[in-house]
>>> print(open('input.cif').read())   # mmCIF, C-alpha atoms and all ligand atoms
data_work
#
loop_
_atom_site.label_atom_id
_atom_site.label_comp_id
_atom_site.auth_asym_id
_atom_site.auth_seq_id
_atom_site.Cartn_x
_atom_site.Cartn_y
_atom_site.Cartn_z
CA MET A 1 65.35 -82.96 45.22
CA GLN A 2 69.14 -83.12 45.54
CA TYR A 3 70.18 -80.79 48.32
CA ILE A 4 73.31 -78.68 48.41
CA TYR A 5 74.47 -78.50 52.00
CA LEU A 6 76.44 -75.35 52.82
CA ASP A 7 75.77 -75.14 56.55
CA ASN A 8 78.75 -77.04 57.91
CA ALA A 9 79.34 -74.56 60.74
CA ALA A 10 75.97 -75.70 62.13
CA THR A 11 76.91 -79.34 61.78
CA THR A 12 78.81 -81.68 59.47
CA LYS A 13 77.76 -85.02 58.02
CA PRO A 14 79.69 -87.68 59.97
CA HIS A 15 82.18 -89.89 58.15
CA LYS A 16 80.90 -93.40 57.42
CA PHE A 17 83.74 -94.90 59.48
CA VAL A 18 82.65 -92.75 62.45
CA ILE A 19 79.19 -94.31 62.31
CA ASP A 20 80.71 -97.81 61.87
CA GLU A 21 82.74 -97.25 65.03
CA MET A 22 79.61 -96.12 66.88
CA ILE A 23 77.79 -99.25 65.75
CA LYS A 24 80.70 -101.34 67.04
CA TYR A 25 80.46 -99.67 70.46
CA SER A 26 76.67 -100.12 70.45
CA PHE A 27 76.49 -103.82 69.50
CA GLU A 28 79.88 -105.40 70.22
CA GLU A 29 81.65 -103.34 72.90
CA TYR A 30 78.35 -102.43 74.53
CA GLY A 31 79.42 -102.79 78.18
CA ASN A 32 79.19 -100.05 80.75
CA PRO A 33 82.77 -98.81 81.07
CA SER A 34 82.31 -98.49 84.84
CA SER A 35 81.54 -102.22 85.23
CA VAL A 36 84.39 -104.30 86.60
CA HIS A 37 83.83 -107.45 84.49
CA ARG A 38 85.51 -108.16 81.17
CA ILE A 39 82.82 -106.63 78.92
CA GLY A 40 82.91 -103.42 80.95
CA ILE A 41 86.69 -103.36 81.05
CA GLU A 42 86.88 -103.91 77.27
CA ALA A 43 84.49 -100.98 76.70
CA SER A 44 86.39 -98.77 79.15
CA LYS A 45 89.57 -98.90 77.05
CA ILE A 46 88.03 -96.53 74.52
CA LEU A 47 87.80 -93.80 77.18
CA SER A 48 91.54 -93.60 77.74
CA ASP A 49 92.27 -94.01 74.00
CA VAL A 50 90.07 -91.06 73.03
CA ARG A 51 91.20 -88.99 75.99
CA SER A 52 94.76 -89.53 74.84
CA THR A 53 93.87 -88.58 71.22
CA ILE A 54 92.32 -85.31 72.44
CA ALA A 55 95.16 -84.58 74.86
CA LYS A 56 97.74 -85.04 72.08
CA SER A 57 95.76 -82.76 69.76
CA LEU A 58 95.96 -79.92 72.32
CA ASN A 59 99.39 -80.69 73.80
CA SER A 60 97.75 -81.29 77.17
CA ASN A 61 97.57 -84.16 79.67
CA GLU A 62 94.90 -86.88 79.58
CA SER A 63 93.90 -85.92 83.12
CA GLU A 64 92.88 -82.49 81.79
CA ILE A 65 90.21 -83.82 79.38
CA TYR A 66 86.57 -84.34 80.44
CA PHE A 67 83.93 -85.82 78.13
CA THR A 68 80.76 -83.73 77.88
CA SER A 69 77.62 -83.63 75.73
CA GLY A 70 79.19 -80.91 73.58
CA ALA A 71 80.41 -77.35 73.60
CA THR A 72 77.28 -75.86 75.18
CA GLU A 73 77.77 -78.02 78.25
CA SER A 74 81.53 -77.40 78.26
CA ASP A 75 81.04 -73.62 78.07
CA ASN A 76 78.44 -73.71 80.87
CA TRP A 77 80.65 -75.88 83.03
CA ALA A 78 83.80 -73.82 82.48
CA ILE A 79 82.30 -70.35 82.84
CA ILE A 80 79.93 -70.98 85.74
CA GLY A 81 82.14 -73.57 87.43
CA LEU A 82 85.32 -71.49 87.25
CA ALA A 83 83.57 -68.23 88.22
CA ASN A 84 82.08 -69.91 91.29
CA SER A 85 85.28 -71.52 92.42
CA TYR A 86 87.33 -68.31 92.06
CA SER A 87 84.60 -66.01 93.45
CA HIS A 88 86.58 -65.57 96.67
CA LYS A 89 89.13 -63.60 94.58
CA GLY A 90 86.60 -61.43 92.73
CA ARG A 91 83.30 -61.47 90.87
CA HIS A 92 84.15 -59.87 87.54
CA VAL A 93 84.26 -61.65 84.17
CA VAL A 94 85.36 -60.33 80.75
CA THR A 95 84.05 -61.70 77.47
CA SER A 96 83.42 -60.44 73.92
CA LYS A 97 80.25 -59.11 72.32
CA ILE A 98 80.32 -61.78 69.61
CA GLU A 99 80.40 -64.99 71.65
CA HIS A 100 78.04 -67.88 70.97
CA SER A 101 74.88 -67.99 73.09
CA ALA A 102 76.39 -70.88 75.09
CA VAL A 103 78.89 -68.35 76.49
CA LEU A 104 76.63 -65.28 76.54
CA SER A 105 73.83 -67.12 78.36
CA SER A 106 76.29 -68.53 80.91
CA CYS A 107 77.54 -64.97 81.49
CA LYS A 108 73.97 -63.75 81.86
CA PHE A 109 73.38 -66.45 84.45
CA LEU A 110 76.44 -65.20 86.33
CA GLU A 111 75.11 -61.62 86.19
CA GLU A 112 71.84 -62.82 87.71
CA ASN A 113 73.86 -64.39 90.49
CA GLY A 114 75.92 -61.46 91.69
CA PHE A 115 78.77 -61.36 89.15
CA GLU A 116 79.58 -58.47 86.83
CA VAL A 117 80.43 -59.10 83.17
CA SER A 118 82.14 -56.73 80.71
CA TYR A 119 81.47 -57.30 77.00
CA VAL A 120 84.45 -56.22 74.89
CA PRO A 121 83.67 -54.74 71.44
CA VAL A 122 85.00 -55.95 68.10
CA ASP A 123 86.06 -54.03 64.98
CA GLU A 124 84.34 -54.07 61.56
CA LYS A 125 86.11 -57.32 60.74
CA GLY A 126 84.67 -59.07 63.78
CA VAL A 127 87.99 -59.16 65.63
CA LEU A 128 88.15 -58.38 69.35
CA ASP A 129 89.83 -55.12 70.30
CA VAL A 130 92.76 -56.14 72.54
CA GLU A 131 93.22 -52.62 73.95
CA GLU A 132 89.56 -52.59 75.02
CA LEU A 133 90.05 -56.00 76.63
CA LYS A 134 93.02 -54.67 78.60
CA ASN A 135 90.93 -51.67 79.70
CA ALA A 136 88.10 -53.94 80.80
CA ILE A 137 90.30 -55.96 83.17
CA ARG A 138 89.95 -54.94 86.82
CA GLU A 139 91.50 -55.92 90.15
CA ASP A 140 88.59 -58.31 90.74
CA THR A 141 88.57 -59.93 87.25
CA ILE A 142 88.75 -63.69 87.71
CA LEU A 143 87.88 -65.01 84.25
CA ILE A 144 88.23 -64.06 80.57
CA SER A 145 86.19 -65.99 78.02
CA VAL A 146 86.92 -65.43 74.31
CA MET A 147 86.12 -67.72 71.39
CA TYR A 148 88.82 -69.06 69.05
CA ALA A 149 86.84 -68.21 65.93
CA ASN A 150 83.41 -66.71 65.39
CA ASN A 151 80.70 -69.08 64.18
CA GLU A 152 78.85 -66.50 62.06
CA VAL A 153 81.51 -64.47 60.29
CA GLY A 154 84.51 -66.77 60.77
CA SER A 155 86.86 -64.16 62.25
CA ILE A 156 89.78 -65.68 64.17
CA GLN A 157 90.34 -63.99 67.53
CA PRO A 158 93.76 -62.88 68.86
CA ILE A 159 93.91 -65.72 71.40
CA LYS A 160 97.72 -65.71 71.67
CA GLU A 161 97.73 -62.05 72.71
CA ILE A 162 94.78 -62.58 75.05
CA GLY A 163 96.54 -65.60 76.55
CA SER A 164 99.65 -63.52 77.29
CA ILE A 165 97.55 -60.82 78.96
CA ALA A 166 95.66 -63.42 81.02
CA LYS A 167 98.93 -65.05 82.09
CA GLU A 168 100.55 -61.74 83.04
CA LYS A 169 97.51 -60.74 85.12
CA ASN A 170 97.05 -64.23 86.54
CA ILE A 171 93.48 -64.53 85.21
CA VAL A 172 91.90 -67.77 84.00
CA LEU A 173 91.28 -67.81 80.21
CA HIS A 174 88.45 -69.94 78.81
CA CYS A 175 88.35 -70.42 75.05
CA ASP A 176 85.28 -71.66 73.18
CA ALA A 177 87.13 -73.38 70.32
CA THR A 178 84.07 -75.12 68.86
CA GLN A 179 84.64 -73.68 65.38
CA GLY A 180 88.44 -73.74 65.42
CA TYR A 181 89.26 -77.13 66.95
CA CYS A 182 91.14 -79.35 64.45
CA LYS A 183 90.78 -76.66 61.76
CA TYR A 184 93.82 -75.06 63.43
CA ASP A 185 96.66 -76.45 65.52
CA ILE A 186 95.82 -75.38 69.05
CA ASP A 187 98.52 -75.79 71.68
CA VAL A 188 96.87 -74.84 74.96
CA ASN A 189 100.22 -74.35 76.69
CA ALA A 190 101.72 -72.13 74.01
CA LEU A 191 98.52 -70.06 73.93
CA ASN A 192 98.10 -69.94 77.74
CA ILE A 193 94.56 -71.27 77.49
CA SER A 194 93.28 -72.46 80.87
CA SER A 195 90.13 -74.21 79.64
CA LEU A 196 88.74 -75.00 76.18
CA SER A 197 85.54 -76.44 74.76
CA ALA A 198 84.74 -78.27 71.52
CA SER A 199 82.06 -80.44 69.89
CA ALA A 200 82.61 -83.48 67.66
CA HIS A 201 79.82 -82.74 65.20
CA LYS A 202 81.66 -79.74 63.74
CA ILE A 203 84.48 -81.99 62.53
CA TYR A 204 82.58 -84.86 60.84
CA GLY A 205 81.92 -86.59 64.17
CA PRO A 206 78.70 -87.43 66.05
CA LYS A 207 76.33 -84.94 67.65
CA GLY A 208 75.81 -84.67 71.41
CA ILE A 209 79.42 -85.33 72.34
CA GLY A 210 82.37 -83.05 73.01
CA PHE A 211 84.88 -82.28 75.67
CA LEU A 212 86.18 -79.72 78.10
CA TYR A 213 89.89 -79.26 78.65
CA ILE A 214 90.65 -77.84 82.11
CA ARG A 215 94.22 -77.22 83.22
CA ASP A 216 95.14 -79.60 86.03
CA ASP A 217 96.01 -76.93 88.57
CA LEU A 218 92.66 -75.11 88.28
CA LYS A 219 89.86 -75.43 90.76
CA ILE A 220 86.41 -75.95 89.26
CA ASP A 221 83.03 -76.95 90.65
CA LYS A 222 81.79 -80.37 89.60
CA PHE A 223 79.23 -80.28 86.80
CA MET A 224 77.01 -83.25 87.54
CA HIS A 225 76.47 -84.90 90.89
CA GLY A 226 76.37 -88.66 90.48
CA GLY A 227 78.77 -91.54 90.09
CA HIS A 228 82.54 -91.50 89.94
CA GLN A 229 82.72 -91.01 86.16
CA GLU A 230 85.04 -88.28 84.85
CA ARG A 231 86.95 -88.23 88.16
CA SER A 232 83.64 -87.65 89.99
CA MET A 233 83.27 -84.27 88.28
CA ARG A 234 80.55 -85.32 85.83
CA GLY A 235 78.56 -88.34 86.92
CA GLY A 236 76.53 -90.47 84.51
CA THR A 237 77.19 -93.50 82.32
CA HIS A 238 79.60 -92.67 79.51
CA ASN A 239 78.20 -92.45 75.99
CA THR A 240 80.82 -94.87 74.65
CA PRO A 241 79.47 -95.06 71.06
CA ALA A 242 79.64 -91.26 70.74
CA ILE A 243 83.03 -91.06 72.47
CA ALA A 244 84.39 -93.75 70.13
CA GLY A 245 82.95 -91.90 67.10
CA MET A 246 84.46 -88.62 68.28
CA GLY A 247 87.84 -90.34 68.66
CA LYS A 248 87.74 -91.58 65.06
CA ALA A 249 86.71 -88.14 63.74
CA ILE A 250 89.56 -86.41 65.58
CA GLU A 251 92.14 -89.02 64.57
CA TYR A 252 91.10 -88.70 60.93
CA TYR A 253 91.22 -84.90 61.04
CA GLN A 254 94.64 -84.88 62.70
CA GLU A 255 96.08 -87.34 60.18
CA ASN A 256 94.59 -85.55 57.16
CA ALA A 257 94.56 -81.98 58.42
CA LYS A 258 96.60 -80.57 55.54
CA GLN A 259 94.35 -82.03 52.85
CA ILE A 260 91.07 -81.21 54.66
CA ARG A 261 92.13 -77.64 55.35
CA SER A 262 93.32 -76.97 51.82
CA LYS A 263 90.20 -78.53 50.23
CA GLU A 264 87.95 -76.37 52.43
CA VAL A 265 89.97 -73.23 51.63
CA GLN A 266 89.90 -74.03 47.91
CA LEU A 267 86.10 -74.46 47.90
CA ARG A 268 85.52 -71.41 50.10
CA ASP A 269 87.77 -69.21 47.92
CA TYR A 270 86.04 -70.44 44.77
CA LEU A 271 82.71 -69.25 46.18
CA LEU A 272 84.23 -66.00 47.44
CA ASN A 273 86.01 -65.05 44.21
CA ASN A 274 83.13 -65.92 41.92
CA LEU A 275 80.52 -64.12 44.00
CA LYS A 276 82.75 -61.07 44.48
CA SER A 277 83.53 -60.72 40.79
CA SER A 278 79.98 -61.18 39.52
CA ILE A 279 77.76 -59.42 42.06
CA PRO A 280 77.94 -55.68 42.66
CA ASN A 281 77.54 -54.29 46.18
CA ILE A 282 78.52 -57.45 47.96
CA ARG A 283 80.02 -57.12 51.42
CA ILE A 284 82.20 -59.87 52.82
CA ASN A 285 81.57 -60.08 56.56
CA GLY A 286 84.56 -60.91 58.73
CA ASP A 287 88.27 -60.63 58.14
CA ILE A 288 89.00 -61.66 54.56
CA LYS A 289 92.30 -63.40 55.37
CA ASN A 290 92.14 -64.15 59.05
CA ARG A 291 89.01 -66.33 58.87
CA LEU A 292 87.85 -69.91 59.27
CA ASN A 293 88.89 -72.14 56.36
CA ASN A 294 85.34 -73.09 55.51
CA ASN A 295 83.45 -69.87 56.23
CA LEU A 296 82.05 -67.28 53.86
CA SER A 297 79.59 -64.71 55.15
CA ILE A 298 78.19 -62.15 52.73
CA SER A 299 75.60 -59.37 52.78
CA LEU A 300 74.10 -57.92 49.63
CA LYS A 301 73.30 -54.22 49.64
CA ASN A 302 69.63 -53.22 49.56
CA ILE A 303 68.54 -56.86 49.45
CA ASP A 304 66.71 -58.60 52.25
CA ASN A 305 69.31 -61.29 52.90
CA SER A 306 66.87 -63.33 55.01
CA LYS A 307 64.53 -63.57 52.01
CA LEU A 308 67.44 -64.62 49.83
CA ARG A 309 68.22 -67.40 52.32
CA ILE A 310 64.62 -68.63 52.13
CA PHE A 311 64.79 -68.48 48.31
CA LEU A 312 67.99 -70.56 48.34
CA ASP A 313 66.30 -73.09 50.61
CA MET A 314 63.43 -73.37 48.11
CA GLN A 315 66.03 -74.18 45.44
CA GLY A 316 67.49 -76.92 47.68
CA ILE A 317 70.50 -74.89 48.83
CA CYS A 318 70.97 -74.95 52.62
CA VAL A 319 72.75 -71.91 54.02
CA SER A 320 72.33 -70.02 57.24
CA GLY A 321 71.64 -66.39 58.08
CA GLY A 322 73.16 -63.69 60.17
CA SER A 323 69.90 -62.60 61.61
CA ALA A 324 67.56 -63.58 64.37
CA CYS A 325 63.88 -63.71 63.56
CA SER A 326 61.51 -63.03 66.41
CA SER A 327 57.75 -62.45 66.03
CA GLY A 328 58.15 -61.78 62.34
CA ASP A 329 60.71 -59.08 62.99
CA VAL A 330 63.99 -59.67 61.16
CA LYS A 331 66.91 -58.15 63.02
CA ASN A 332 70.62 -58.34 62.44
CA SER A 333 72.38 -60.84 64.67
CA HIS A 334 74.27 -59.67 67.76
CA VAL A 335 77.49 -60.37 65.84
CA LEU A 336 76.60 -58.13 62.87
CA ASP A 337 75.34 -55.48 65.30
CA ALA A 338 78.65 -55.58 67.19
CA MET A 339 80.59 -55.23 63.92
CA TYR A 340 78.58 -52.60 62.08
CA GLY A 341 76.24 -50.97 64.59
CA LYS A 342 73.01 -49.68 63.07
CA ASP A 343 73.23 -50.70 59.44
CA LYS A 344 70.60 -49.37 57.05
CA ASP A 345 72.06 -50.55 53.74
CA TYR A 346 72.55 -54.20 54.59
CA ASN A 347 69.87 -56.37 56.09
CA GLY A 348 71.15 -59.64 57.53
CA ALA A 349 73.76 -61.96 56.04
CA ILE A 350 74.14 -65.26 54.23
CA ARG A 351 76.59 -67.68 55.84
CA MET A 352 77.90 -70.43 53.59
CA THR A 353 80.16 -72.97 55.25
CA VAL A 354 81.69 -75.65 53.05
CA SER A 355 82.90 -79.17 53.84
CA ILE A 356 85.14 -81.69 52.08
CA ASN A 357 81.95 -83.26 50.69
CA ASN A 358 81.02 -80.23 48.58
CA THR A 359 81.80 -80.06 44.86
CA ILE A 360 82.56 -77.25 42.43
CA GLU A 361 79.31 -78.10 40.57
CA GLU A 362 77.34 -77.45 43.77
CA LEU A 363 79.09 -74.13 44.23
CA ASP A 364 78.45 -73.17 40.60
CA LYS A 365 74.75 -73.81 41.11
CA THR A 366 74.77 -71.74 44.31
CA ILE A 367 76.58 -68.84 42.63
CA ALA A 368 74.18 -68.91 39.64
CA THR A 369 71.13 -69.00 41.94
CA ILE A 370 72.33 -66.00 43.98
CA LYS A 371 73.15 -64.10 40.77
CA ASP A 372 69.68 -64.81 39.35
CA TYR A 373 68.01 -63.62 42.54
CA VAL A 374 70.01 -60.38 42.59
CA LYS A 375 69.26 -59.75 38.91
CA LYS A 376 65.53 -60.25 39.44
CA LYS A 377 65.49 -57.98 42.49
CA SER A 378 67.38 -55.19 40.77
CA SER A 379 65.43 -55.25 37.49
N1 LIG A 401 80.18 -72.39 70.53
C1 LIG A 401 80.26 -72.13 69.22
C2 LIG A 401 81.23 -71.10 68.74
C3 LIG A 401 79.43 -72.80 68.32
O1 LIG A 401 79.52 -72.52 67.02
C4 LIG A 401 78.52 -73.76 68.83
C5 LIG A 401 77.60 -74.44 67.91
O2 LIG A 401 77.27 -73.98 66.84
C6 LIG A 401 78.51 -74.01 70.20
C7 LIG A 401 79.34 -73.30 71.03
C8 LIG A 401 77.57 -75.03 70.80
O3 LIG A 401 77.88 -76.31 70.35
P1 LIG A 401 76.90 -77.53 70.64
O4 LIG A 401 75.58 -77.17 70.05
O5 LIG A 401 77.53 -78.69 69.97
O6 LIG A 401 76.80 -77.70 72.11
#
>>> encode(input="input.cif", output="C-alpha cells", more="lines below")
Ligand code: PLP
Amino acid sequence: MQYIYLDNAATTKPHKFVIDEMIKYSFEEYGNPSSVHRIGIEASKILSDVRSTIAKSLNSNESEIYFTSGATESDNWAIIGLANSYSHKGRHVVTSKIEHSAVLSSCKFLEENGFEVSYVPVDEKGVLDVEELKNAIREDTILISVMYANNEVGSIQPIKEIGSIAKEKNIVLHCDATQGYCKYDIDVNALNISSLSASAHKIYGPKGIGFLYIRDDLKIDKFMHGGHQERSMRGGTHNTPAIAGMGKAIEYYQENAKQIRSKEVQLRDYLLNNLKSSIPNIRINGDIKNRLNNNLSISLKNIDNSKLRIFLDMQGICVSGGSACSSGDVKNSHVLDAMYGKDKDYNGAIRMTVSINNTIEELDKTIATIKDYVKKKSS
C-alpha cells in the first residue's frame, strides 16, 4: 500500500543529503571529537560549524548553544536546571495549560520537589491569555515557560509580549520552540527569550538530536555529570553523525525558508479550504490565521474523530488525533480541554500536518476519504 503521510508535526522524513552527511560522519569522519589526534580533531570541526549555524539562526552566540538528544531533554534541562539554580530567589513557575508533556512533566517534577506552578489558561483559539499570565506572576516567580507554537492545534503564542513582560519583571523566559524553529524567524534577543529548545527531526533532520539555547549570563545546573563535553555541562561523547545531519537540515531550511514555508502553507490551505467547503459542521481548531504553516486540526460534529483517524489509517492515510486513549476510554486531549472545556458535540480532533513532500493528489485522496466517511456516518 502507498501511504499518505500527514503527521509531520510528529516527525518529518529526513532529506537524503542529511542522511548522506550522517553516513560521512559515521564512516569517514568517525573520530571522537574529544580525541586530540588528527581524526578526532577533524571530527570536532563539525561541532563548531553546527553550533555557529544554530547561533546564526537565532541571533545568539555560539557559546549559548548546547547539543542535546532533542527537545524533551532541552525542556527538562532548562526548566528543572533553571528553577533549581534560581530557587534562592523564589520557588514559583508560570507556564501554560497547553504545553507539551516535556514541559508539563518537568513542571510536575518541580511541584513534587517543593516548587509551585501556575498553569495559565488559553482562549478558544488556543492562544495564551496574556492578562492571566500577568496576574499569575508573583514576587517569587523565577521562571516562565511558554511554547512558541502548539503541537496539536498549531496556535502561535504571543512570545514577544511575554518576553517583554518577563524582561520588565526580571524573570527568566524559557520557550519550547520545537514546532516553530525554522518555520519562523526567531531572534532570541528581540523576543527576550532566555532559553529555547528545538529538535532536528521536525525540520527534515535526524531523530534524537536537538539543542538548548541558554543565554550566557544565566546560571543553570549541569545536565549530565561526565566528561568535559558541552563546556562540562552535558558529559558524554558527541553524536557527531546526528549533529552533522542536524546542521545540514538547518542550513537547508534557512537557505530555502521562503519556498518551504510557502509550499507548506499552500498545501495546508488546500486541505483547509476543500474540507471546509465540502463538509458541514466542521470545526477548525486553533487560530485560523495565526497558526503553524503546516498544521490543520479539525473536529467533525457528532462524529467520533478517533474512529475517523483509525479509518484513515486503514486507508493508508497517517494523521494524528487530539485525544488521549487510556484503558479504552477516549478523552479529549489536555489542549482541546483547555480550549473548549467540556465539549459534548465534538469528540477528539484530527491533526493533519503537511510537509514539502506531500502532493495535491495525496490531499485530494484524503479529502475524498474524509467526505466518504462523513457521508456514510450521516446516512
Ligand atoms: N515540545 C513540543 C512542542 C513538541 O511538539 C515535541 C515533540 O513532538 C517535543 C517538545 C519533544 O520533542 P522530542 O520528542 O524530539 O524530544
>>> atom_distance(input="input.cif", atom1="CA of Glu152 in chain A", atom2="CA of Gly81 in chain A")
26.5 Å
>>> closest_residue(input="input.cif", among="A:Tyr184, A:Asn305, A:Asn189, A:Asp337", to="Ser262 in chain A", atoms="all atoms listed in the file")
A:Tyr184
>>> atom_distance(input="input.cif", atom1="CA of Ile23 in chain A", atom2="CA of Arg261 in chain A")
27.9 Å
>>> residues_near_ligand(input="input.cif", ligand="ligand LIG 401 (chain A)", cutoff="10 Å", atoms="all atoms listed in the file", output="VMD selection string")
chain A and resid 8 to 11 68 to 76 98 to 104 146 to 152 154 175 to 180 197 to 202 206 to 211
>>> residues_around(input="input.cif", residues="Ile214 in chain A", least_positions_apart="4", cutoff="8 Å", atoms="all atoms listed in the file", output="ChimeraX atom specification")
/A:64-66,78,194-196,218
>>> atom_distance(input="input.cif", atom1="CA of Gly205 in chain A", atom2="CA of Met22 in chain A")
10.2 Å
>>> closest_residue(input="input.cif", among="A:Val153, A:Ile4, A:Val93, A:Leu272", to="Gly348 in chain A", atoms="only C-alpha atoms")
A:Val153
>>> closest_residue(input="input.cif", among="A:Ala368, A:Lys375, A:Leu296, A:Ile142", to="Ile350 in chain A", atoms="all atoms listed in the file")
A:Leu296
>>> closest_atom_pairs(input="input.cif", of="range 306-375 of chain A", to="range 15-18 of chain A", cutoff="12 Å", atoms="only C-alpha atoms", output="Markdown table")
| residue | atom | partner | partner_atom | distance |
| --- | --- | --- | --- | --- |
| A:Ser355 | CA | A:His15 | CA | 11.6 |
| A:Ile356 | CA | A:His15 | CA | 10.6 |
| A:Asn357 | CA | A:His15 | CA | 10.0 |
>>> residues_near_point(input="input.cif", point="(89.5, -75.8, 57.4)", cutoff="6 Å", atoms="all atoms listed in the file", output="ChimeraX atom specification")
/A:183,261,264,293-294
>>> residues_around(input="input.cif", residues="Lys219 in chain A", least_positions_apart="4", cutoff="10 Å", atoms="only C-alpha atoms", output="JSON, numbers by chain")
{"A": [81, 82, 83, 84, 85, 86, 214, 215]}
>>> closest_atom_pairs(input="input.cif", of="range 97-199 of chain A", to="range 50-63 of chain A", cutoff="6 Å", atoms="all atoms listed in the file", output="JSON lines")
{"residue": "A:Ile186", "atom": "CA", "partner": "A:Leu58", "partner_atom": "CA", "distance": 5.6}
{"residue": "A:Asp187", "atom": "CA", "partner": "A:Leu58", "partner_atom": "CA", "distance": 4.9}
{"residue": "A:Val188", "atom": "CA", "partner": "A:Leu58", "partner_atom": "CA", "distance": 5.8}
>>> residues_around(input="input.cif", residues="Phe223 in chain A", least_positions_apart="3", cutoff="6 Å", atoms="all atoms listed in the file", output="PyMOL selection string")
chain A and resi 77+233-234
>>> decode(input="input.cif", residues="range 299-363 of chain A", atoms="C-alpha atoms", output="mmCIF file, in the first residue's frame")
data_model
loop_
_atom_site.group_PDB
_atom_site.id
_atom_site.type_symbol
_atom_site.label_atom_id
_atom_site.label_comp_id
_atom_site.auth_asym_id
_atom_site.auth_seq_id
_atom_site.Cartn_x
_atom_site.Cartn_y
_atom_site.Cartn_z
ATOM 1 C CA SER A 299 -13.124 18.247 14.616
ATOM 2 C CA LEU A 300 -16.296 16.987 12.988
ATOM 3 C CA LYS A 301 -19.528 17.471 14.904
ATOM 4 C CA ASN A 302 -21.248 14.353 16.244
ATOM 5 C CA ILE A 303 -18.564 12.113 14.767
ATOM 6 C CA ASP A 304 -16.110 10.107 16.815
ATOM 7 C CA ASN A 305 -12.949 11.718 15.460
ATOM 8 C CA SER A 306 -10.754 8.979 16.949
ATOM 9 C CA LYS A 307 -12.648 6.389 14.897
ATOM 10 C CA LEU A 308 -12.229 8.541 11.802
ATOM 11 C CA ARG A 309 -8.477 8.607 12.442
ATOM 12 C CA ILE A 310 -8.401 4.802 12.643
ATOM 13 C CA PHE A 311 -10.455 4.613 9.426
ATOM 14 C CA LEU A 312 -7.979 6.920 7.669
ATOM 15 C CA ASP A 313 -5.121 4.733 8.867
ATOM 16 C CA MET A 314 -6.849 1.689 7.365
ATOM 17 C CA GLN A 315 -6.958 3.571 4.043
ATOM 18 C CA GLY A 316 -3.199 4.272 4.310
ATOM 19 C CA ILE A 317 -3.575 7.886 5.445
ATOM 20 C CA CYS A 318 -1.460 8.703 8.511
ATOM 21 C CA VAL A 319 -2.821 11.530 10.635
ATOM 22 C CA SER A 320 -2.814 12.115 14.350
ATOM 23 C CA GLY A 321 -5.527 12.763 16.913
ATOM 24 C CA GLY A 322 -6.319 15.299 19.541
ATOM 25 C CA SER A 323 -7.232 12.758 22.107
ATOM 26 C CA ALA A 324 -5.549 10.537 24.605
ATOM 27 C CA CYS A 325 -6.721 6.957 24.806
ATOM 28 C CA SER A 326 -6.355 5.261 28.160
ATOM 29 C CA SER A 327 -7.908 1.894 29.075
ATOM 30 C CA GLY A 328 -10.283 2.098 26.145
ATOM 31 C CA ASP A 329 -11.566 5.461 27.277
ATOM 32 C CA VAL A 330 -11.257 8.149 24.603
ATOM 33 C CA LYS A 331 -10.869 11.587 26.119
ATOM 34 C CA ASN A 332 -10.146 14.944 24.584
ATOM 35 C CA SER A 333 -6.521 15.991 24.873
ATOM 36 C CA HIS A 334 -5.447 18.481 27.549
ATOM 37 C CA VAL A 335 -5.106 21.067 24.756
ATOM 38 C CA LEU A 336 -8.693 20.660 23.491
ATOM 39 C CA ASP A 337 -9.922 20.615 27.102
ATOM 40 C CA ALA A 338 -8.083 23.881 27.803
ATOM 41 C CA MET A 339 -9.609 25.478 24.682
ATOM 42 C CA TYR A 340 -13.196 24.274 24.856
ATOM 43 C CA GLY A 341 -13.790 22.882 28.344
ATOM 44 C CA LYS A 342 -16.390 20.132 28.481
ATOM 45 C CA ASP A 343 -17.372 19.605 24.868
ATOM 46 C CA LYS A 344 -20.325 17.333 24.135
ATOM 47 C CA ASP A 345 -20.716 17.962 20.397
ATOM 48 C CA TYR A 346 -17.156 17.295 19.314
ATOM 49 C CA ASN A 347 -15.225 14.218 20.289
ATOM 50 C CA GLY A 348 -11.482 14.486 19.676
ATOM 51 C CA ALA A 349 -9.737 16.005 16.669
ATOM 52 C CA ILE A 350 -7.864 15.074 13.515
ATOM 53 C CA ARG A 351 -4.470 16.730 13.136
ATOM 54 C CA MET A 352 -3.063 16.808 9.621
ATOM 55 C CA THR A 353 0.420 18.258 9.282
ATOM 56 C CA VAL A 354 1.852 18.563 5.785
ATOM 57 C CA SER A 355 5.436 18.618 4.522
ATOM 58 C CA ILE A 356 7.127 19.694 1.294
ATOM 59 C CA ASN A 357 6.956 16.034 0.210
ATOM 60 C CA ASN A 358 3.151 15.946 0.053
ATOM 61 C CA THR A 359 1.275 16.336 -3.234
ATOM 62 C CA ILE A 360 -2.123 17.728 -4.203
ATOM 63 C CA GLU A 361 -3.137 14.204 -5.332
ATOM 64 C CA GLU A 362 -2.481 12.913 -1.806
ATOM 65 C CA LEU A 363 -4.568 15.709 -0.334
#
